[in-house]
Amino acid sequence: MARIYNFNPGPSTLPLTALEKAQAEFTDYKGSGMSVLEISHRSKDFEAILANTKELLRTLLGIPDNYQIIFTGGGASLQFAMLPMNFIPAGGSADYVVTGEWARRAYKEANIIAKGRLAASSEADNFSWLPTPDAWDLDPASAYVHMTSNNTIFGTQYHDFPALQDKNLVCDMSSDIMSHQFDVKKFAMIYAGAQKNLGPAGVTMAIIRDDFAAKANKGLPTMLAYETHIKHDSLYNTPPVFGIYIMQLTLQWVKDLGGLPAIEAINRKKAELVYSAIDGSDGFYRGTVRTDSRSWMNIPFRLTSEELEAAFISEAKQAGLIGLKGHRSVGGIRVSLYNAMTVEGVEKLTAFMKDFKAKH
Ligand SMILES: *Cc1c(COP(=O)(O)O)cnc(C)c1O
């Protein structure tokens with residue numbers, strides 16, 4: 001059976017080579033007579049998977065030695081709560097840049113635990129543009145500044161990051177980590193749910209700078225303290241074993257392609273193909289995001305009526321292109337172009353967009 005072109009926003013398409021490798025060793029992992037699903041998380045085999053996954057992350061992202069890498073459950077959404085629990089001191093606050101639904105949820109959790117300060121927001125314009133860092137209103141006393149690099153639902157993305165002086169910048173990179181080159185050293189902490197660019201749902205990756213980790217509040221429940229996961233190398237309890245294994249295979253695929261410079265070039269090309277199809281359609285397709293804030297990962301657009309949008313989605317499906325329905329807060333169409341989506345898949349989509357326009 002042929003594979004379909006999967007534009008789902010997350011969980012999303014994974015590299016076929018990673019899936020095939022997992023399939024080939026599924027019932028008998030490296031001659032153990034067991035599946036990775038059945039081995040101990042304290043076995044030599046899993047220790048090697050864990051170490052190799054971390055090593056791939058370190059090399060591909062250029063993570064310096066003074067940052068620790070951990071894997072947890074609970075998705076990026078649990079990080080929204082763990083972050084303020086660990087790092088906002090009693091009576092203190094943290095700054096939040098609210099640029100979309102996930103950023104808003106992170107801000108909400110901060111206000112349940114302690115105090116979140118709104119440093120910038122584009123909510124009044126339905127998150128259709130990004131406040132630039134020079135316009136963020138930062139409190140010198142805040143424990144950290146939280147931002148979201150790519151706004152998955154609204155289709156905006158920060159392609160560059162500020163080097164904030166004397167500030168701990170924390171970033172939710174769930175939907176664009178490993179898609180382009182950036183400087184890890186600008187951040188005190190980065191976290192990402194795996195299910196967009198890193199692997200399957202069920203595992204979350206976090207990168208934490210040592211001096212920031214050392215500032216964490218004491219007395220938290222054990223599993224909610226970053227210190228526990230750092231100290232026990234993500235093995236305090238049973239980690240998401242299979243998710244980490246698939247992440248390793250996915251990262252190996254990125255490395256074999258040529259790492260971040262190569263994947264960034266492919267991702268730019270894919271995004272350019274879709275944006276040209278929108279911009280060259282004489283208004284038949286209309287992007288919903290201000291041009292300077294456009295994402296390379298998620299591209300929302302509208303057609304001239306909801307009937308036409310419904311027809312677009314159903315005819316696309318017949319053409320083997322799925323996962324294109326926009327989120328209800330934007331409507332219309334959303335094209336998600338994560339790493340594993342091929343240029344060929346995007347060319348199929350843009351050819352379909354041309355045909356659809358001609359037909360309607
Ligand atoms: C998908 C997504 C999340 C939510 O991740 P979960 O793992 O489902 O909790 C958070 N932030 C961003 C930017 C996302 O794209």
# chains A, B, ... in the order shown; residues from 1 in each chain; ligands from 1

$ select_by_dssp --residues "region 125-327 of chain A" --states "alpha helix (DSSP H)" --output "PyMOL selection string"
chain A and resi 210-213+226-231+241-257+259-279+306-318

$ residues_around --residues "Ser93 (chain A)" --least-positions-apart "5" --cutoff "9 Å" --atoms "only C-alpha atoms" --output "list in words"
Pro84, Ile88, Ala110, Ala114, Lys115, Gly116, Arg117, Asp139, Ala141, Ser142, Ala143 and Tyr144 of chain A

$ residues_near_ligand --ligand "ligand 1" --cutoff "6 Å" --atoms "only C-alpha atoms and all ligand atoms" --output "list in words"
Gly75, Ala76, Ser77, Trp102, Asn150, Asn151, Thr152, Asp172, Met173, Ser174, Ser175 and Gly193 of chain A

$ write_last_selection --atoms "N, CA, C and O atoms" --output "PDB file, in the first residue's frame"
ATOM      1  N   GLY A  75       3.641  15.531  28.181  1.00  0.00           N
ATOM      2  CA  GLY A  75       3.565  16.484  27.069  1.00  0.00           C
ATOM      3  C   GLY A  75       4.153  17.846  27.402  1.00  0.00           C
ATOM      4  O   GLY A  75       4.593  18.095  28.534  1.00  0.00           O
ATOM      5  N   ALA A  76       4.145  18.721  26.416  1.00  0.00           N
ATOM      6  CA  ALA A  76       4.587  20.100  26.644  1.00  0.00           C
ATOM      7  C   ALA A  76       3.664  20.756  27.662  1.00  0.00           C
ATOM      8  O   ALA A  76       4.079  21.621  28.438  1.00  0.00           O
ATOM      9  N   SER A  77       2.412  20.313  27.701  1.00  0.00           N
ATOM     10  CA  SER A  77       1.435  20.923  28.612  1.00  0.00           C
ATOM     11  C   SER A  77       1.826  20.775  30.075  1.00  0.00           C
ATOM     12  O   SER A  77       1.518  21.648  30.888  1.00  0.00           O
ATOM     13  N   TRP A 102      -1.035  28.022  22.626  1.00  0.00           N
ATOM     14  CA  TRP A 102      -0.150  27.299  23.556  1.00  0.00           C
ATOM     15  C   TRP A 102       0.532  28.279  24.501  1.00  0.00           C
ATOM     16  O   TRP A 102       0.696  27.999  25.689  1.00  0.00           O
ATOM     17  N   ASN A 150       7.264  28.796  17.676  1.00  0.00           N
ATOM     18  CA  ASN A 150       6.376  28.613  16.526  1.00  0.00           C
ATOM     19  C   ASN A 150       4.952  28.393  17.023  1.00  0.00           C
ATOM     20  O   ASN A 150       4.713  27.499  17.837  1.00  0.00           O
ATOM     21  N   ASN A 151       4.035  29.236  16.537  1.00  0.00           N
ATOM     22  CA  ASN A 151       2.651  29.154  16.981  1.00  0.00           C
ATOM     23  C   ASN A 151       1.871  28.276  16.006  1.00  0.00           C
ATOM     24  O   ASN A 151       1.411  28.720  14.966  1.00  0.00           O
ATOM     25  N   THR A 152       1.750  27.029  16.415  1.00  0.00           N
ATOM     26  CA  THR A 152       1.271  25.916  15.606  1.00  0.00           C
ATOM     27  C   THR A 152      -0.124  26.149  15.014  1.00  0.00           C
ATOM     28  O   THR A 152      -0.390  25.789  13.876  1.00  0.00           O
ATOM     29  N   ASP A 172       9.169  27.375  24.496  1.00  0.00           N
ATOM     30  CA  ASP A 172       8.417  26.196  24.053  1.00  0.00           C
ATOM     31  C   ASP A 172       8.688  26.059  22.553  1.00  0.00           C
ATOM     32  O   ASP A 172       8.220  26.864  21.757  1.00  0.00           O
ATOM     33  N   MET A 173       9.476  25.052  22.187  1.00  0.00           N
ATOM     34  CA  MET A 173       9.812  24.830  20.770  1.00  0.00           C
ATOM     35  C   MET A 173       9.135  23.577  20.219  1.00  0.00           C
ATOM     36  O   MET A 173       9.649  22.931  19.307  1.00  0.00           O
ATOM     37  N   SER A 174       7.970  23.242  20.772  1.00  0.00           N
ATOM     38  CA  SER A 174       7.338  21.971  20.407  1.00  0.00           C
ATOM     39  C   SER A 174       7.153  21.780  18.912  1.00  0.00           C
ATOM     40  O   SER A 174       7.286  20.668  18.406  1.00  0.00           O
ATOM     41  N   SER A 175       6.825  22.851  18.188  1.00  0.00           N
ATOM     42  CA  SER A 175       6.471  22.618  16.788  1.00  0.00           C
ATOM     43  C   SER A 175       7.514  23.107  15.789  1.00  0.00           C
ATOM     44  O   SER A 175       7.254  23.096  14.586  1.00  0.00           O
ATOM     45  N   GLY A 193       7.365  19.003  23.203  1.00  0.00           N
ATOM     46  CA  GLY A 193       6.683  17.720  23.039  1.00  0.00           C
ATOM     47  C   GLY A 193       7.215  17.126  21.742  1.00  0.00           C
ATOM     48  O   GLY A 193       7.484  17.845  20.790  1.00  0.00           O
TER      49      GLY A 193
END

$ closest_residue --among "A:Ser295, A:Arg302, A:Asp183, A:Gly199" --to "Thr13 (chain A)" --atoms "only C-alpha atoms"
A:Gly199

$ residues_around --residues "Ala120 (chain A)" --least-positions-apart "2" --cutoff "7 Å" --atoms "only C-alpha atoms" --output "list of chain:residue names"
A:Val97, A:Val98, A:Leu118, A:Pro131, A:Trp136, A:Asp137

$ write_last_selection --atoms "all heavy atoms" --output "PDB file, in the first residue's frame"
ATOM      1  N   VAL A  97       5.339  36.044  26.898  1.00  0.00           N
ATOM      2  CA  VAL A  97       5.023  36.605  25.590  1.00  0.00           C
ATOM      3  C   VAL A  97       3.922  35.722  25.007  1.00  0.00           C
ATOM      4  O   VAL A  97       4.149  34.543  24.718  1.00  0.00           O
ATOM      5  CB  VAL A  97       6.275  36.616  24.687  1.00  0.00           C
ATOM      6  CG1 VAL A  97       5.939  37.176  23.313  1.00  0.00           C
ATOM      7  CG2 VAL A  97       7.401  37.413  25.347  1.00  0.00           C
ATOM      8  N   VAL A  98       2.722  36.278  24.883  1.00  0.00           N
ATOM      9  CA  VAL A  98       1.560  35.466  24.511  1.00  0.00           C
ATOM     10  C   VAL A  98       1.232  35.666  23.032  1.00  0.00           C
ATOM     11  O   VAL A  98       0.702  36.699  22.630  1.00  0.00           O
ATOM     12  CB  VAL A  98       0.359  35.782  25.432  1.00  0.00           C
ATOM     13  CG1 VAL A  98      -0.883  35.019  24.996  1.00  0.00           C
ATOM     14  CG2 VAL A  98       0.709  35.417  26.878  1.00  0.00           C
ATOM     15  N   LEU A 118       2.173  39.642  31.747  1.00  0.00           N
ATOM     16  CA  LEU A 118       2.048  39.692  30.297  1.00  0.00           C
ATOM     17  C   LEU A 118       3.096  40.680  29.760  1.00  0.00           C
ATOM     18  O   LEU A 118       3.009  41.874  30.009  1.00  0.00           O
ATOM     19  CB  LEU A 118       0.633  40.152  29.948  1.00  0.00           C
ATOM     20  CG  LEU A 118       0.146  39.891  28.540  1.00  0.00           C
ATOM     21  CD1 LEU A 118       0.156  38.400  28.220  1.00  0.00           C
ATOM     22  CD2 LEU A 118      -1.267  40.453  28.369  1.00  0.00           C
ATOM     23  N   PRO A 131       4.882  40.107  18.195  1.00  0.00           N
ATOM     24  CA  PRO A 131       5.554  41.265  18.791  1.00  0.00           C
ATOM     25  C   PRO A 131       7.076  41.031  18.783  1.00  0.00           C
ATOM     26  O   PRO A 131       7.526  39.983  19.255  1.00  0.00           O
ATOM     27  CB  PRO A 131       5.032  41.302  20.228  1.00  0.00           C
ATOM     28  CG  PRO A 131       4.085  40.167  20.387  1.00  0.00           C
ATOM     29  CD  PRO A 131       4.084  39.337  19.158  1.00  0.00           C
ATOM     30  N   TRP A 136       8.917  43.878  23.737  1.00  0.00           N
ATOM     31  CA  TRP A 136       8.467  43.144  24.928  1.00  0.00           C
ATOM     32  C   TRP A 136       8.692  44.014  26.157  1.00  0.00           C
ATOM     33  O   TRP A 136       9.745  44.654  26.296  1.00  0.00           O
ATOM     34  CB  TRP A 136       9.270  41.840  25.108  1.00  0.00           C
ATOM     35  CG  TRP A 136       9.111  40.840  23.998  1.00  0.00           C
ATOM     36  CD1 TRP A 136       8.262  40.894  22.932  1.00  0.00           C
ATOM     37  CD2 TRP A 136       9.872  39.624  23.843  1.00  0.00           C
ATOM     38  NE1 TRP A 136       8.442  39.788  22.131  1.00  0.00           N
ATOM     39  CE2 TRP A 136       9.416  39.002  22.666  1.00  0.00           C
ATOM     40  CE3 TRP A 136      10.885  39.012  24.587  1.00  0.00           C
ATOM     41  CZ2 TRP A 136       9.945  37.786  22.204  1.00  0.00           C
ATOM     42  CZ3 TRP A 136      11.404  37.807  24.139  1.00  0.00           C
ATOM     43  CH2 TRP A 136      10.932  37.196  22.960  1.00  0.00           C
ATOM     44  N   ASP A 137       7.694  44.031  27.043  1.00  0.00           N
ATOM     45  CA  ASP A 137       7.797  44.811  28.273  1.00  0.00           C
ATOM     46  C   ASP A 137       8.274  43.872  29.386  1.00  0.00           C
ATOM     47  O   ASP A 137       7.482  43.138  29.969  1.00  0.00           O
ATOM     48  CB  ASP A 137       6.410  45.408  28.582  1.00  0.00           C
ATOM     49  CG  ASP A 137       6.337  45.974  29.981  1.00  0.00           C
ATOM     50  OD1 ASP A 137       7.376  46.453  30.485  1.00  0.00           O
ATOM     51  OD2 ASP A 137       5.243  45.911  30.582  1.00  0.00           O
TER      52      ASP A 137
END

$ select_by_dssp --residues "region 266-345 of chain A" --states "strand (DSSP E)" --output "PyMOL selection string"
chain A and resi 286-287+298-302+321-322+333-336

$ residues_around --residues "Lys357 (chain A)" --least-positions-apart "2" --cutoff "12 Å" --atoms "only C-alpha atoms" --output "list in words"
Ala277, Ile278, Gly280, Ser281, Asp282, Gly283, Phe284, Tyr285, Leu303, Thr304, Leu308, Glu309, Ala311, Phe312, Glu315, Thr350, Ala351, Phe352, Met353, Lys354, Asp355, Lys359 and His360 of chain A

$ atom_distance --atom1 "CA of Thr148 (chain A)" --atom2 "CA of Ile177 (chain A)"
10.9 Å

$ closest_residue --among "A:Gln68, A:Ile63, A:Ala94, A:Leu198" --to "Val184 (chain A)" --atoms "only C-alpha atoms"
A:Ile63

$ closest_residue --among "A:Pro64, A:Pro240, A:Gly259, A:Gly331" --to "Val36 (chain A)" --atoms "only C-alpha atoms"
A:Pro240

$ atom_distance --atom1 "CA of Pro300 (chain A)" --atom2 "CA of Thr288 (chain A)"
6.2 Å

$ residues_around --residues "Asn298 (chain A)" --least-positions-apart "5" --cutoff "12 Å" --atoms "only C-alpha atoms" --output "JSON, numbers by chain"
{"A": [7, 8, 9, 10, 12, 150, 151, 152, 153, 154, 155, 156, 157, 175, 176, 179, 196, 267, 270, 271, 274, 275, 287, 288, 289, 293, 323, 324, 325, 326, 327, 333, 334, 335, 336, 337, 338, 339, 341]}

$ write_last_selection --atoms "C-alpha atoms" --output "mmCIF file, in the first residue's frame"
data_model
loop_
_atom_site.group_PDB
_atom_site.id
_atom_site.type_symbol
_atom_site.label_atom_id
_atom_site.label_comp_id
_atom_site.auth_asym_id
_atom_site.auth_seq_id
_atom_site.Cartn_x
_atom_site.Cartn_y
_atom_site.Cartn_z
ATOM 1 C CA PHE A 7 -0.118 17.273 6.594
ATOM 2 C CA ASN A 8 -1.435 16.681 10.134
ATOM 3 C CA PRO A 9 -0.519 19.351 12.719
ATOM 4 C CA GLY A 10 0.540 16.823 15.384
ATOM 5 C CA SER A 12 2.300 14.151 12.404
ATOM 6 C CA ASN A 150 6.376 28.613 16.526
ATOM 7 C CA ASN A 151 2.651 29.154 16.981
ATOM 8 C CA THR A 152 1.271 25.916 15.606
ATOM 9 C CA ILE A 153 -2.374 26.953 15.366
ATOM 10 C CA PHE A 154 -1.927 30.504 14.073
ATOM 11 C CA GLY A 155 1.086 29.919 11.804
ATOM 12 C CA THR A 156 3.559 32.504 13.098
ATOM 13 C CA GLN A 157 7.219 31.847 13.895
ATOM 14 C CA SER A 175 6.471 22.618 16.788
ATOM 15 C CA ASP A 176 9.742 23.815 15.248
ATOM 16 C CA SER A 179 13.708 22.416 11.812
ATOM 17 C CA LYS A 196 5.743 17.314 15.658
ATOM 18 C CA ASN A 267 12.094 23.379 5.050
ATOM 19 C CA LYS A 270 8.832 23.655 1.144
ATOM 20 C CA ALA A 271 7.459 26.822 2.792
ATOM 21 C CA VAL A 274 3.278 26.920 -0.457
ATOM 22 C CA TYR A 275 3.585 30.695 0.098
ATOM 23 C CA GLY A 287 -2.899 33.890 4.020
ATOM 24 C CA THR A 288 -4.121 34.815 7.521
ATOM 25 C CA VAL A 289 -0.755 35.921 8.927
ATOM 26 C CA SER A 293 5.560 36.762 10.960
ATOM 27 C CA GLY A 323 -4.669 16.639 7.531
ATOM 28 C CA LEU A 324 -5.357 20.029 5.920
ATOM 29 C CA LYS A 325 -8.299 21.273 7.978
ATOM 30 C CA GLY A 326 -7.479 24.481 9.849
ATOM 31 C CA HIS A 327 -7.915 24.814 13.604
ATOM 32 C CA ILE A 333 -6.908 25.356 5.726
ATOM 33 C CA ARG A 334 -3.670 24.687 7.601
ATOM 34 C CA VAL A 335 -0.708 23.049 5.912
ATOM 35 C CA SER A 336 1.798 21.576 8.375
ATOM 36 C CA LEU A 337 5.250 21.107 6.894
ATOM 37 C CA TYR A 338 7.236 19.320 9.592
ATOM 38 C CA ASN A 339 10.640 17.849 8.835
ATOM 39 C CA MET A 341 7.091 16.023 4.922
#

$ atom_distance --atom1 "CA of Leu16 (chain A)" --atom2 "CA of Trp253 (chain A)"
9.4 Å

$ closest_atom_pairs --of "region 12-94 of chain A" --to "region 215-234 of chain A" --cutoff "9 Å" --atoms "only C-alpha atoms" --output "JSON lines"
{"residue": "A:Leu50", "atom": "CA", "partner": "A:Ser234", "partner_atom": "CA", "distance": 8.9}
{"residue": "A:Gln68", "atom": "CA", "partner": "A:Ile230", "partner_atom": "CA", "distance": 6.8}
{"residue": "A:Ile69", "atom": "CA", "partner": "A:Ile230", "partner_atom": "CA", "distance": 7.5}
{"residue": "A:Ile70", "atom": "CA", "partner": "A:Ser234", "partner_atom": "CA", "distance": 5.6}
{"residue": "A:Phe71", "atom": "CA", "partner": "A:Ser234", "partner_atom": "CA", "distance": 5.7}
{"residue": "A:Thr72", "atom": "CA", "partner": "A:Ser234", "partner_atom": "CA", "distance": 7.0}
{"residue": "A:Ala81", "atom": "CA", "partner": "A:Leu224", "partner_atom": "CA", "distance": 8.9}
{"residue": "A:Met82", "atom": "CA", "partner": "A:Leu224", "partner_atom": "CA", "distance": 6.1}
{"residue": "A:Leu83", "atom": "CA", "partner": "A:Tyr226", "partner_atom": "CA", "distance": 8.7}
{"residue": "A:Met85", "atom": "CA", "partner": "A:Asn217", "partner_atom": "CA", "distance": 7.4}
{"residue": "A:Asn86", "atom": "CA", "partner": "A:Ala216", "partner_atom": "CA", "distance": 4.9}
{"residue": "A:Phe87", "atom": "CA", "partner": "A:Ala216", "partner_atom": "CA", "distance": 5.1}
{"residue": "A:Ile88", "atom": "CA", "partner": "A:Asn217", "partner_atom": "CA", "distance": 7.6}
{"residue": "A:Pro89", "atom": "CA", "partner": "A:Asn217", "partner_atom": "CA", "distance": 6.6}
{"residue": "A:Ala90", "atom": "CA", "partner": "A:Asn217", "partner_atom": "CA", "distance": 8.7}

$ closest_residue --among "A:Thr99, A:Val170, A:Thr342, A:Ala22" --to "Ser35 (chain A)" --atoms "only C-alpha atoms"
A:Ala22

$ closest_residue --among "A:Glu47, A:Asp279, A:Asp125, A:Glu272" --to "Val343 (chain A)" --atoms "only C-alpha atoms"
A:Glu272

$ residues_around --residues "Ala18 (chain A)" --least-positions-apart "6" --cutoff "12 Å" --atoms "only C-alpha atoms" --output "list in words"
Ala24, Glu25, Phe26, Leu198, Gly199, Pro200, Tyr245, Ile246, Met247, Gln248, Leu249, Thr250, Leu251, Gln252, Trp253, Val254, Asp256 and Ala340 of chain A

$ closest_residue --among "A:Leu60, A:Ala192, A:Tyr236, A:Ala124" --to "Ser149 (chain A)" --atoms "only C-alpha atoms"
A:Ala192
